[in-house]
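Shown next: input_39.tsv, given as TSV, C-alpha atoms.
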```tsv
chain	number	residue	atom	x	y	z
A	15	MET	CA	-5.17	-36.51	-18.89
A	16	THR	CA	-2.43	-36.94	-16.27
A	17	TRP	CA	-2.11	-35.65	-12.73
A	18	THR	CA	0.33	-32.95	-13.83
A	19	GLU	CA	-2.13	-31.69	-16.46
A	20	LEU	CA	-5.18	-31.25	-14.20
A	21	ASP	CA	-7.28	-28.22	-15.00
A	22	TRP	CA	-7.58	-26.92	-11.43
A	23	PRO	CA	-9.62	-23.81	-12.26
A	24	ALA	CA	-12.22	-26.08	-13.87
A	25	LEU	CA	-12.17	-28.54	-10.95
A	26	ASP	CA	-12.58	-25.73	-8.42
A	27	ARG	CA	-15.48	-24.31	-10.41
A	28	LEU	CA	-17.16	-27.70	-10.73
A	29	ARG	CA	-16.73	-28.52	-7.06
A	30	ASP	CA	-18.12	-25.16	-5.93
A	31	GLY	CA	-21.04	-25.54	-8.34
A	32	PHE	CA	-21.98	-29.04	-7.24
A	33	LEU	CA	-21.67	-28.28	-3.53
A	34	GLY	CA	-23.52	-25.00	-3.77
A	35	GLY	CA	-26.25	-26.19	-6.10
A	36	GLY	CA	-25.10	-23.80	-8.80
A	37	ALA	CA	-24.56	-26.67	-11.20
A	38	ALA	CA	-28.27	-26.57	-11.98
A	39	ALA	CA	-28.05	-22.97	-13.17
A	40	GLY	CA	-26.63	-23.76	-16.61
A	41	PRO	CA	-23.85	-25.43	-18.58
A	42	TYR	CA	-20.83	-26.25	-16.47
A	43	TRP	CA	-18.54	-28.63	-18.35
A	44	ARG	CA	-17.46	-26.03	-20.94
A	45	THR	CA	-14.21	-27.72	-22.03
A	46	GLU	CA	-12.83	-31.18	-22.70
A	47	SER	CA	-10.06	-30.52	-20.17
A	48	ALA	CA	-12.73	-29.98	-17.49
A	49	LEU	CA	-14.29	-33.35	-18.33
A	50	ALA	CA	-10.96	-35.16	-18.46
A	51	SER	CA	-9.81	-33.63	-15.17
A	52	TYR	CA	-13.11	-34.50	-13.53
A	53	ASP	CA	-13.02	-38.06	-14.87
A	54	LEU	CA	-9.58	-38.66	-13.36
A	55	THR	CA	-10.48	-37.24	-9.93
A	56	PHE	CA	-14.02	-36.56	-8.76
A	57	GLY	CA	-15.42	-38.94	-11.37
A	58	GLU	CA	-13.14	-41.73	-10.19
A	59	ARG	CA	-14.39	-41.24	-6.64
A	60	ILE	CA	-17.93	-41.66	-7.95
A	61	GLY	CA	-16.67	-44.77	-9.73
A	62	TRP	CA	-15.67	-46.24	-6.36
A	63	LYS	CA	-19.25	-45.83	-5.18
A	64	TRP	CA	-20.41	-47.62	-8.32
A	65	ASP	CA	-17.90	-50.40	-7.66
A	66	HIS	CA	-19.47	-50.94	-4.23
A	67	VAL	CA	-23.00	-51.00	-5.64
A	68	LEU	CA	-22.00	-53.39	-8.42
A	69	LEU	CA	-20.26	-55.70	-5.95
A	70	GLU	CA	-23.48	-55.91	-3.96
A	71	LEU	CA	-25.47	-56.71	-7.09
A	72	GLN	CA	-23.04	-59.49	-7.99
A	73	LEU	CA	-23.25	-60.90	-4.47
A	74	ARG	CA	-27.02	-60.88	-4.81
A	75	GLY	CA	-26.69	-62.86	-8.05
A	76	TRP	CA	-28.23	-60.12	-10.16
A	77	LYS	CA	-27.16	-59.16	-13.65
A	78	PRO	CA	-28.74	-56.85	-16.24
A	79	PRO	CA	-31.56	-58.60	-18.10
A	80	VAL	CA	-30.95	-56.61	-21.30
A	81	ARG	CA	-28.03	-55.85	-23.62
A	82	THR	CA	-28.55	-52.10	-24.14
A	83	VAL	CA	-27.54	-49.41	-21.64
A	84	LEU	CA	-28.72	-45.80	-21.56
A	85	ASP	CA	-26.51	-43.50	-19.46
A	86	TRP	CA	-28.75	-40.48	-18.80
A	87	GLY	CA	-27.01	-37.28	-17.71
A	88	CYS	CA	-23.79	-39.10	-18.46
A	89	GLY	CA	-21.23	-36.41	-17.65
A	90	SER	CA	-17.87	-38.02	-18.33
A	91	GLY	CA	-19.54	-41.45	-18.61
A	92	ILE	CA	-17.89	-43.01	-15.56
A	93	ALA	CA	-21.09	-44.77	-14.42
A	94	ALA	CA	-21.79	-46.64	-17.65
A	95	ARG	CA	-18.15	-47.66	-18.01
A	96	ARG	CA	-18.19	-49.10	-14.49
A	97	VAL	CA	-21.42	-51.03	-15.19
A	98	ILE	CA	-20.20	-52.47	-18.48
A	99	GLY	CA	-16.81	-53.31	-17.03
A	100	ALA	CA	-18.31	-55.05	-13.99
A	101	PHE	CA	-20.74	-57.28	-15.89
A	102	GLY	CA	-18.47	-57.74	-18.91
A	103	PRO	CA	-18.63	-55.93	-22.26
A	104	GLU	CA	-19.47	-59.24	-23.95
A	105	ASN	CA	-22.88	-59.03	-22.23
A	106	PHE	CA	-23.84	-55.76	-23.92
A	107	ASP	CA	-24.45	-54.77	-27.53
A	108	GLU	CA	-24.99	-51.04	-27.28
A	109	LEU	CA	-24.41	-48.03	-25.05
A	110	LEU	CA	-26.56	-44.93	-25.49
A	111	VAL	CA	-25.42	-41.71	-23.84
A	112	TRP	CA	-27.17	-38.43	-23.24
A	113	ASP	CA	-26.25	-35.24	-21.45
A	114	HIS	CA	-27.77	-31.78	-21.60
A	115	GLU	CA	-24.33	-30.59	-22.65
A	116	PRO	CA	-23.21	-32.13	-25.99
A	117	ILE	CA	-19.53	-31.78	-25.06
A	118	ALA	CA	-20.11	-34.20	-22.17
A	119	ALA	CA	-21.93	-36.72	-24.37
A	120	ASP	CA	-19.06	-36.50	-26.87
A	121	PHE	CA	-16.52	-37.19	-24.13
A	122	ALA	CA	-18.53	-40.06	-22.61
A	123	ALA	CA	-19.07	-41.71	-26.00
A	124	GLY	CA	-15.39	-41.42	-26.88
A	125	ALA	CA	-14.20	-42.79	-23.54
A	126	ALA	CA	-16.58	-45.76	-23.78
A	127	ALA	CA	-15.57	-46.53	-27.36
A	128	GLN	CA	-11.92	-46.52	-26.31
A	129	ALA	CA	-12.56	-48.73	-23.26
A	130	PHE	CA	-14.81	-51.22	-25.10
A	131	PRO	CA	-13.84	-51.30	-28.80
A	132	GLY	CA	-16.44	-53.91	-29.72
A	133	LEU	CA	-19.38	-52.01	-28.22
A	134	ARG	CA	-21.69	-49.86	-30.32
A	135	VAL	CA	-21.85	-46.39	-28.76
A	136	HIS	CA	-24.38	-43.74	-29.80
A	137	GLN	CA	-25.56	-40.38	-28.56
A	138	VAL	CA	-29.33	-40.00	-28.34
A	139	THR	CA	-31.50	-36.99	-29.08
A	140	PRO	CA	-34.06	-35.26	-26.86
A	141	GLY	CA	-36.71	-36.70	-29.17
A	142	PHE	CA	-35.61	-40.23	-28.28
A	143	LEU	CA	-35.88	-39.42	-24.58
A	144	GLN	CA	-39.40	-38.04	-25.00
A	145	GLY	CA	-40.69	-41.15	-26.79
A	146	ASP	CA	-42.51	-44.13	-25.35
A	147	ALA	CA	-40.54	-47.06	-26.72
A	148	PRO	CA	-39.24	-49.53	-24.10
A	149	LEU	CA	-35.68	-49.02	-22.90
A	150	GLY	CA	-33.06	-51.47	-21.70
A	151	LEU	CA	-30.94	-50.73	-18.62
A	152	LEU	CA	-31.18	-47.12	-17.45
A	153	VAL	CA	-28.08	-45.87	-15.61
A	154	VAL	CA	-28.35	-42.66	-13.58
A	155	SER	CA	-25.62	-41.14	-11.42
A	156	HIS	CA	-25.48	-38.10	-9.15
A	157	VAL	CA	-28.15	-35.92	-10.75
A	158	LEU	CA	-30.96	-35.38	-8.24
A	159	ASN	CA	-29.46	-32.36	-6.51
A	160	GLU	CA	-29.28	-30.41	-9.76
A	161	LEU	CA	-32.47	-31.27	-11.65
A	162	ALA	CA	-35.16	-28.74	-12.42
A	163	PRO	CA	-38.74	-30.06	-11.99
A	164	GLU	CA	-39.28	-30.59	-15.74
A	165	ALA	CA	-36.00	-32.52	-16.06
A	166	LEU	CA	-36.94	-34.73	-13.11
A	167	ALA	CA	-40.33	-35.40	-14.70
A	168	GLY	CA	-38.56	-36.50	-17.87
A	169	LEU	CA	-36.32	-38.82	-15.87
A	170	ARG	CA	-39.32	-40.35	-14.11
A	171	HIS	CA	-40.77	-41.02	-17.56
A	172	LEU	CA	-37.57	-42.83	-18.58
A	173	VAL	CA	-37.68	-44.98	-15.45
A	174	ARG	CA	-41.15	-46.16	-16.40
A	175	ARG	CA	-39.89	-47.06	-19.90
A	176	ALA	CA	-36.89	-49.01	-18.63
A	177	GLN	CA	-36.58	-52.75	-18.21
A	178	ALA	CA	-34.10	-52.22	-15.36
A	179	VAL	CA	-32.57	-49.26	-13.52
A	180	ILE	CA	-29.35	-48.71	-11.57
A	181	TRP	CA	-29.40	-45.30	-9.89
A	182	VAL	CA	-26.65	-44.03	-7.58
A	183	GLU	CA	-26.71	-40.71	-5.73
A	184	PRO	CA	-24.80	-38.89	-2.97
A	185	GLY	CA	-25.65	-40.20	0.47
A	186	THR	CA	-27.16	-36.98	1.81
A	187	HIS	CA	-30.36	-36.82	3.83
A	188	ALA	CA	-32.32	-34.79	1.27
A	189	VAL	CA	-31.22	-36.70	-1.83
A	190	SER	CA	-31.70	-40.12	-0.26
A	191	ARG	CA	-35.22	-39.34	0.85
A	192	GLN	CA	-36.01	-37.99	-2.61
A	193	LEU	CA	-34.75	-41.21	-4.18
A	194	GLY	CA	-36.77	-43.20	-1.63
A	195	ALA	CA	-39.91	-41.35	-2.70
A	196	ILE	CA	-39.24	-42.29	-6.33
A	197	ARG	CA	-38.72	-45.90	-5.20
A	198	ASP	CA	-42.14	-45.92	-3.57
A	199	GLU	CA	-43.76	-44.43	-6.67
A	200	VAL	CA	-42.61	-47.31	-8.89
A	201	ARG	CA	-42.35	-50.27	-6.50
A	202	GLY	CA	-45.54	-51.77	-7.87
A	203	GLU	CA	-44.03	-51.92	-11.37
A	204	PHE	CA	-40.61	-53.42	-10.57
A	205	THR	CA	-38.86	-55.90	-8.36
A	206	LEU	CA	-36.84	-53.88	-5.84
A	207	VAL	CA	-33.46	-55.53	-6.27
A	208	ALA	CA	-31.35	-53.35	-3.96
A	209	PRO	CA	-30.66	-51.92	-1.48
A	210	CYS	CA	-34.02	-53.16	-0.28
A	211	THR	CA	-34.50	-56.67	1.03
A	212	HIS	CA	-38.27	-56.29	0.90
A	213	ALA	CA	-40.99	-54.75	-1.27
A	214	ALA	CA	-42.84	-52.75	1.39
A	215	ALA	CA	-42.95	-48.97	1.48
A	216	CYS	CA	-39.65	-47.38	2.45
A	217	PRO	CA	-39.65	-47.39	6.27
A	218	ALA	CA	-37.31	-44.38	6.39
A	219	LEU	CA	-40.17	-42.33	4.92
A	220	ALA	CA	-42.73	-43.44	7.51
A	221	PRO	CA	-44.26	-40.80	9.80
A	222	GLY	CA	-41.99	-40.10	12.74
A	223	ARG	CA	-38.87	-41.17	10.84
A	224	GLU	CA	-38.10	-37.78	9.30
A	225	ARG	CA	-34.53	-37.83	10.61
A	226	GLU	CA	-33.67	-41.12	8.89
A	227	TRP	CA	-32.31	-41.70	5.42
A	228	CYS	CA	-31.15	-44.82	3.60
A	229	HIS	CA	-27.44	-44.54	2.86
A	230	GLN	CA	-24.30	-46.64	2.74
A	231	PHE	CA	-20.55	-46.07	2.60
A	232	ALA	CA	-18.15	-47.30	-0.06
A	233	ALA	CA	-14.52	-48.05	0.70
A	234	PRO	CA	-11.96	-46.38	-1.57
A	235	PRO	CA	-9.09	-48.54	-2.81
A	236	SER	CA	-6.56	-48.81	0.00
A	237	GLU	CA	-3.64	-48.07	-2.31
A	238	ILE	CA	-4.72	-44.46	-2.90
A	239	PHE	CA	-3.58	-43.51	0.60
A	240	ALA	CA	0.00	-44.30	-0.39
A	241	ASN	CA	-0.38	-42.62	-3.76
A	242	PRO	CA	1.10	-39.10	-3.62
A	243	ASP	CA	-1.11	-37.89	-6.47
A	244	TRP	CA	-4.29	-38.83	-4.63
A	245	VAL	CA	-2.99	-37.50	-1.32
A	246	LYS	CA	-2.13	-34.15	-2.90
A	247	PHE	CA	-5.47	-34.06	-4.69
A	248	GLY	CA	-7.38	-34.63	-1.46
A	249	GLN	CA	-5.44	-31.85	0.26
A	250	ARG	CA	-5.76	-29.44	-2.66
A	251	ALA	CA	-9.48	-30.15	-3.16
A	252	GLY	CA	-10.23	-30.08	0.56
A	253	ILE	CA	-11.96	-33.47	0.64
A	254	ASP	CA	-11.72	-36.52	2.89
A	255	LEU	CA	-10.63	-39.37	0.65
A	256	ARG	CA	-11.97	-41.89	3.17
A	257	SER	CA	-15.57	-40.72	3.10
A	258	LEU	CA	-17.77	-42.02	0.27
A	259	PRO	CA	-21.42	-41.94	1.38
A	260	TYR	CA	-23.99	-42.88	-1.23
A	261	CYS	CA	-27.56	-44.03	-1.70
A	262	PHE	CA	-28.84	-46.14	-4.56
A	263	LEU	CA	-31.77	-47.93	-6.12
A	264	VAL	CA	-31.84	-50.94	-8.43
A	265	LEU	CA	-35.04	-51.98	-10.21
A	266	ASP	CA	-35.81	-54.89	-12.55
A	267	ARG	CA	-39.16	-55.77	-14.11
A	268	THR	CA	-38.43	-59.49	-14.46
A	269	ALA	CA	-36.22	-60.38	-11.46
A	270	PRO	CA	-37.69	-62.70	-8.82
A	271	PRO	CA	-38.59	-61.18	-5.47
A	272	PRO	CA	-35.75	-61.00	-2.94
A	273	ALA	CA	-35.26	-64.05	-0.75
A	274	PRO	CA	-36.88	-63.52	2.65
A	275	GLY	CA	-34.94	-63.05	5.85
A	276	TRP	CA	-32.27	-60.60	4.76
A	277	SER	CA	-31.53	-57.18	6.25
A	278	HIS	CA	-29.66	-54.14	5.00
A	279	LEU	CA	-27.81	-51.94	7.47
A	280	ILE	CA	-28.25	-48.19	7.21
A	281	GLY	CA	-25.10	-46.11	7.44
A	282	ARG	CA	-22.28	-47.47	9.61
A	283	PRO	CA	-22.49	-49.59	12.78
A	284	GLU	CA	-21.42	-47.85	15.98
A	285	HIS	CA	-18.95	-49.78	18.09
A	286	PHE	CA	-18.65	-49.56	21.86
A	287	LYS	CA	-16.54	-51.73	24.13
A	288	PRO	CA	-19.26	-54.25	25.02
A	289	TYR	CA	-21.50	-54.09	21.95
A	290	ALA	CA	-22.14	-52.80	18.44
A	291	ARG	CA	-25.27	-50.86	17.55
A	292	PHE	CA	-26.78	-50.25	14.11
A	293	LEU	CA	-29.95	-49.28	12.28
A	294	ASN	CA	-31.40	-52.29	10.50
A	295	CYS	CA	-33.87	-52.31	7.59
A	296	ASP	CA	-35.87	-55.42	6.73
A	297	ALA	CA	-39.40	-56.50	5.92
A	298	GLU	CA	-40.51	-55.49	9.43
A	299	GLY	CA	-39.24	-51.92	9.00
A	300	LEU	CA	-36.43	-50.00	10.69
A	301	ALA	CA	-35.10	-51.16	14.04
A	302	GLU	CA	-32.09	-50.30	16.15
A	303	LEU	CA	-30.31	-53.57	16.91
A	304	THR	CA	-27.37	-54.38	19.12
A	305	LEU	CA	-24.79	-57.13	18.89
A	306	PRO	CA	-23.16	-57.92	22.25
A	307	LYS	CA	-19.48	-58.60	21.68
A	308	ARG	CA	-19.61	-61.76	23.76
A	309	ALA	CA	-22.43	-63.18	21.61
A	310	ASP	CA	-20.27	-63.40	18.47
A	311	PRO	CA	-16.80	-61.82	18.77
A	312	ALA	CA	-15.93	-62.58	15.14
A	313	LEU	CA	-19.07	-60.90	13.85
A	314	PHE	CA	-18.48	-57.94	16.18
A	315	LYS	CA	-15.03	-57.48	14.63
A	316	GLU	CA	-16.35	-58.01	11.10
A	317	LEU	CA	-18.94	-55.27	11.44
A	318	ASP	CA	-16.16	-52.89	12.43
A	319	ARG	CA	-13.74	-53.83	9.67
A	320	THR	CA	-15.52	-55.21	6.64
A	321	LYS	CA	-15.56	-53.22	3.43
A	322	ALA	CA	-18.25	-55.46	1.94
A	323	PRO	CA	-21.90	-54.42	1.52
A	324	LEU	CA	-23.71	-54.66	4.85
A	325	VAL	CA	-26.42	-57.16	3.93
A	326	TYR	CA	-26.99	-59.82	6.59
A	327	ARG	CA	-29.25	-62.63	7.70
A	328	TRP	CA	-29.52	-62.36	11.48
A	329	THR	CA	-30.35	-64.70	14.29
A	330	ARG	CA	-32.01	-62.46	16.86
A	331	ASP	CA	-33.54	-62.36	20.29
A	332	ALA	CA	-35.84	-59.33	19.98
A	333	ASP	CA	-33.52	-56.37	19.33
A	334	LYS	CA	-30.33	-58.26	20.18
A	335	VAL	CA	-28.39	-60.08	17.48
A	336	THR	CA	-26.85	-63.37	18.53
A	337	THR	CA	-25.15	-64.18	15.24
A	338	GLY	CA	-25.40	-63.41	11.53
A	339	VAL	CA	-24.28	-64.34	8.04
A	340	ARG	CA	-23.15	-61.73	5.53
A	341	LEU	CA	-24.39	-61.83	1.95
A	342	GLY	CA	-21.95	-63.82	-0.16
A	343	HIS	CA	-20.18	-65.22	2.92
A	344	PRO	CA	-20.94	-68.88	3.68
A	345	PRO	CA	-22.05	-69.74	7.22
A	346	GLY	CA	-19.36	-70.96	9.58
```

The structure in this file should be written as structure tokens.
Amino acid sequence: MTWTELDWPALDRLRDGFLGGGAAAGPYWRTESALASYDLTFGERIGWKWDHVLLELQLRGWKPPVRTVLDWGCGSGIAARRVIGAFGPENFDELLVWDHEPIAADFAAGAAAQAFPGLRVHQVTPGFLQGDAPLGLLVVSHVLNELAPEALAGLRHLVRRAQAVIWVEPGTHAVSRQLGAIRDEVRGEFTLVAPCTHAAACPALAPGREREWCHQFAAPPSEIFANPDWVKFGQRAGIDLRSLPYCFLVLDRTAPPPAPGWSHLIGRPEHFKPYARFLNCDAEGLAELTLPKRADPALFKELDRTKAPLVYRWTRDADKVTTGVRLGHPPG
């Protein structure tokens, strides 16, 4: 698929279906050209979210504890390809793909086999999904807003069979809170690797916090803004190429608990002339913190400009930050 070959009728139909919730009403891929066009455009944008998640996992020192990946609801397979590419295909033996539409599973399997020639790639059956045998790494991407209750129950069953889970969703209020509820259901069975820096109940779901939701923002590659194909796509599709909100959840049955003292920022910091303000999540819960510019001018600037995951270890005086160290960034 090239930019000049994009199947725009299919892309328009897919976009309208996903935004309007109509994607849950029935099959929507229909053709290989729809999958290929999606993979090059909307799927690649989802891939940038996965890149951000995977960068955070690498900064945390985490890697999959198993050598088999199951991409559930695979679509074009962009999520599994990003995972395998990030951790290295030499660290995996097998990729299993499943989608409720066989044409999508065919496409995802073919794309993975082409990208990683030495990897065994198989499509799985509904019977496999309904079994009880342990699974390896479960990969789930952008499915919650289109799942019927019985499909969601089946996915919950797969989570409980998995050794580890990487789950990425759109960063909307409703979807994030739904994913947070699933997190709380299984937190006694897994180590909560990310985005959490603690194992307590999700503080965004606490009474009185109904307006909050755990979400982050990925940064698209800077070169796309000088790429005429991407610029034209953004204009034609009516999307803001700069905005990539997402929420995610990473679980592992055997990982050690997270090191104490770390915080994860929710959303984006707000910058004012004398200070920055942000919503902070840590073992104590959610708190609105401020960083006076004069306290640490370099950190003040970093919070405004960094494209890295916003995971920090703060030095604080009550709700005021005096300095901080970003995950993966040595002090000083």

Counting all atoms listed in the file, which of A:Ala178, A:Cys261, A:Ala208, A:Ala188 gets nearest to A:His156? A:Cys261

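Atom pair atom CA of A:Ile180 / atom CA of A:Leu84: separated by 10.4 Å.
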
List the neighbours of stretch 233-241 of chain A out to 8 Å using all atoms listed in the file; skip same-chain residues closer than 6 positions along the sequence, and give me the result as a PyMOL selection string. chain A and resi 59+62-63+66+255-258+321

Counting only C-alpha atoms, find the residues whose atoms lie at most 6 Å from (-31.5, -50.7, 9.1) (file coordinates) and write them out as a compact mmCIF listing (two decimals) with C-alpha atoms, keeping the file's coordinate frame.
```txt
# COMPACT_ATOMS: atom_id res chain seq x y z
CA HIS A 278 -29.66 -54.14 5.00
CA LEU A 279 -27.81 -51.94 7.47
CA ILE A 280 -28.25 -48.19 7.21
CA LEU A 293 -29.95 -49.28 12.28
CA ASN A 294 -31.40 -52.29 10.50
CA CYS A 295 -33.87 -52.31 7.59
CA LEU A 300 -36.43 -50.00 10.69
```

Would you mind listing what lies within 9 Å of A:Tyr52 as a PyMOL selection string, with only C-alpha atoms counted and same-chain residues fewer than 6 positions away left out? chain A and resi 20-21+24-25+28+58+90

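Across A:Leu265, A:Leu193, A:Ala251, A:Val339, the tightest approach to A:His229 is made by A:Leu193 when counting only C-alpha atoms.
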
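Using only C-alpha atoms, the contacts of stretch 328-333 of chain A at a cut-off of 8 Å, with sequence neighbours closer than 6 positions omitted, comprise A:Gly275, A:Trp276, A:Ser277, A:Ala301, A:Glu302, A:Leu303, A:Thr304, A:Val339.
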
Please dump the current selection as an mmCIF file, keeping the file's coordinate frame; keep C-alpha atoms.
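Writing the result to part.cif gives the following:
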```cif
data_model
loop_
_atom_site.group_PDB
_atom_site.id
_atom_site.type_symbol
_atom_site.label_atom_id
_atom_site.label_comp_id
_atom_site.auth_asym_id
_atom_site.auth_seq_id
_atom_site.Cartn_x
_atom_site.Cartn_y
_atom_site.Cartn_z
ATOM 1 C CA GLY A 275 -34.940 -63.050 5.850
ATOM 2 C CA TRP A 276 -32.270 -60.600 4.760
ATOM 3 C CA SER A 277 -31.530 -57.180 6.250
ATOM 4 C CA ALA A 301 -35.100 -51.160 14.040
ATOM 5 C CA GLU A 302 -32.090 -50.300 16.150
ATOM 6 C CA LEU A 303 -30.310 -53.570 16.910
ATOM 7 C CA THR A 304 -27.370 -54.380 19.120
ATOM 8 C CA VAL A 339 -24.280 -64.340 8.040
#
```

Taking into account only C-alpha atoms, which residue in the set A:Thr82, A:Thr18, A:Ser51, A:Gln72 is nearest to A:Gly342?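 Between A:Thr82, A:Thr18, A:Ser51, A:Gln72, the residue approaching A:Gly342 most closely is A:Gln72.
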
Which residue, A:Leu263, A:Leu151, A:Val335, A:Val173, has the smallest gap to A:Arg291 when you use only C-alpha atoms?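 That would be A:Val335, the residue with the smallest distance to A:Arg291.
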
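Here the question is which of A:Ala290, A:Cys228, A:Ala50, A:Leu68 gets nearest to A:Lys315 using all atoms listed in the file, and that residue is A:Ala290.
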
Go ahead and compute the interatomic distance for atom CA of A:Leu149 and atom CA of A:Arg175, in Å to one decimal. 5.5 Å

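Distances to A:Arg81 were evaluated for A:Leu54, A:Ala118, A:Val111, A:Leu152 using only C-alpha atoms, and the minimum falls at A:Leu152.
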
What is the atom CA of A:Asp296-atom CA of A:Pro283 distance in Å, reported with one decimal?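 Rounded to one decimal, the two atoms are 15.8 Å apart.
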
12 Å contact set for stretch 195-203 of chain A, all atoms listed in the file, chain neighbours under 6 positions out, as a compact mmCIF listing (two decimals) with C-alpha atoms, keeping the file's coordinate frame:
```
# COMPACT_ATOMS: atom_id res chain seq x y z
CA LEU A 158 -30.96 -35.38 -8.24
CA LEU A 166 -36.94 -34.73 -13.11
CA ALA A 167 -40.33 -35.40 -14.70
CA LEU A 169 -36.32 -38.82 -15.87
CA ARG A 170 -39.32 -40.35 -14.11
CA HIS A 171 -40.77 -41.02 -17.56
CA LEU A 172 -37.57 -42.83 -18.58
CA VAL A 173 -37.68 -44.98 -15.45
CA ARG A 174 -41.15 -46.16 -16.40
CA ARG A 175 -39.89 -47.06 -19.90
CA ALA A 176 -36.89 -49.01 -18.63
CA GLN A 177 -36.58 -52.75 -18.21
CA ALA A 178 -34.10 -52.22 -15.36
CA VAL A 179 -32.57 -49.26 -13.52
CA ILE A 180 -29.35 -48.71 -11.57
CA TRP A 181 -29.40 -45.30 -9.89
CA ALA A 188 -32.32 -34.79 1.27
CA VAL A 189 -31.22 -36.70 -1.83
CA PRO A 209 -30.66 -51.92 -1.48
CA CYS A 210 -34.02 -53.16 -0.28
CA HIS A 212 -38.27 -56.29 0.90
CA ALA A 213 -40.99 -54.75 -1.27
CA ALA A 214 -42.84 -52.75 1.39
CA ALA A 215 -42.95 -48.97 1.48
CA CYS A 216 -39.65 -47.38 2.45
CA PRO A 217 -39.65 -47.39 6.27
CA ALA A 218 -37.31 -44.38 6.39
CA LEU A 219 -40.17 -42.33 4.92
CA ALA A 220 -42.73 -43.44 7.51
CA TRP A 227 -32.31 -41.70 5.42
CA CYS A 228 -31.15 -44.82 3.60
CA CYS A 261 -27.56 -44.03 -1.70
CA PHE A 262 -28.84 -46.14 -4.56
CA LEU A 263 -31.77 -47.93 -6.12
CA VAL A 264 -31.84 -50.94 -8.43
CA LEU A 265 -35.04 -51.98 -10.21
CA ASP A 266 -35.81 -54.89 -12.55
CA ARG A 267 -39.16 -55.77 -14.11
CA THR A 268 -38.43 -59.49 -14.46
CA ALA A 269 -36.22 -60.38 -11.46
CA PRO A 271 -38.59 -61.18 -5.47
```

Can you find the residues with an atom no farther than 12 Å from (-17.8, -61.9, 12.6), counting all atoms listed in the file, and report them as a PyMOL selection string? chain A and resi 290+305-320+326+328+335-340+343-346

Just to be explicit: take each residue in the selection above, keep C-alpha atoms, and write the result as a PDB file, keeping the file's coordinate frame.
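Result went into again_38.pdb, see below:
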```
ATOM      1  CA  ALA A 290     -22.140 -52.800  18.440  1.00  0.00           C
ATOM      2  CA  LEU A 305     -24.790 -57.130  18.890  1.00  0.00           C
ATOM      3  CA  PRO A 306     -23.160 -57.920  22.250  1.00  0.00           C
ATOM      4  CA  LYS A 307     -19.480 -58.600  21.680  1.00  0.00           C
ATOM      5  CA  ARG A 308     -19.610 -61.760  23.760  1.00  0.00           C
ATOM      6  CA  ALA A 309     -22.430 -63.180  21.610  1.00  0.00           C
ATOM      7  CA  ASP A 310     -20.270 -63.400  18.470  1.00  0.00           C
ATOM      8  CA  PRO A 311     -16.800 -61.820  18.770  1.00  0.00           C
ATOM      9  CA  ALA A 312     -15.930 -62.580  15.140  1.00  0.00           C
ATOM     10  CA  LEU A 313     -19.070 -60.900  13.850  1.00  0.00           C
ATOM     11  CA  PHE A 314     -18.480 -57.940  16.180  1.00  0.00           C
ATOM     12  CA  LYS A 315     -15.030 -57.480  14.630  1.00  0.00           C
ATOM     13  CA  GLU A 316     -16.350 -58.010  11.100  1.00  0.00           C
ATOM     14  CA  LEU A 317     -18.940 -55.270  11.440  1.00  0.00           C
ATOM     15  CA  ASP A 318     -16.160 -52.890  12.430  1.00  0.00           C
ATOM     16  CA  ARG A 319     -13.740 -53.830   9.670  1.00  0.00           C
ATOM     17  CA  THR A 320     -15.520 -55.210   6.640  1.00  0.00           C
ATOM     18  CA  TYR A 326     -26.990 -59.820   6.590  1.00  0.00           C
ATOM     19  CA  TRP A 328     -29.520 -62.360  11.480  1.00  0.00           C
ATOM     20  CA  VAL A 335     -28.390 -60.080  17.480  1.00  0.00           C
ATOM     21  CA  THR A 336     -26.850 -63.370  18.530  1.00  0.00           C
ATOM     22  CA  THR A 337     -25.150 -64.180  15.240  1.00  0.00           C
ATOM     23  CA  GLY A 338     -25.400 -63.410  11.530  1.00  0.00           C
ATOM     24  CA  VAL A 339     -24.280 -64.340   8.040  1.00  0.00           C
ATOM     25  CA  ARG A 340     -23.150 -61.730   5.530  1.00  0.00           C
ATOM     26  CA  HIS A 343     -20.180 -65.220   2.920  1.00  0.00           C
ATOM     27  CA  PRO A 344     -20.940 -68.880   3.680  1.00  0.00           C
ATOM     28  CA  PRO A 345     -22.050 -69.740   7.220  1.00  0.00           C
ATOM     29  CA  GLY A 346     -19.360 -70.960   9.580  1.00  0.00           C
TER      30      GLY A 346
END
```

Tell me, as a PyMOL selection string, which residues lie within 9 Å of A:Leu109, counting all atoms listed in the file; anything in the same chain fewer than 6 positions away does not count. chain A and resi 81-85+94+98+123+126+133-137

Might I get the box with edges along x, y and z of the file that holds all atoms of stretch 209-225 of chain A listed there, padded by 8 Å on every side, given as centre and edge lengths in Å to one decimal, as lines of an AutoDock Vina configuration file?
```
center_x = -37.5
center_y = -47.2
center_z = 5.6
size_x = 29.6
size_y = 34.9
size_z = 30.2
```
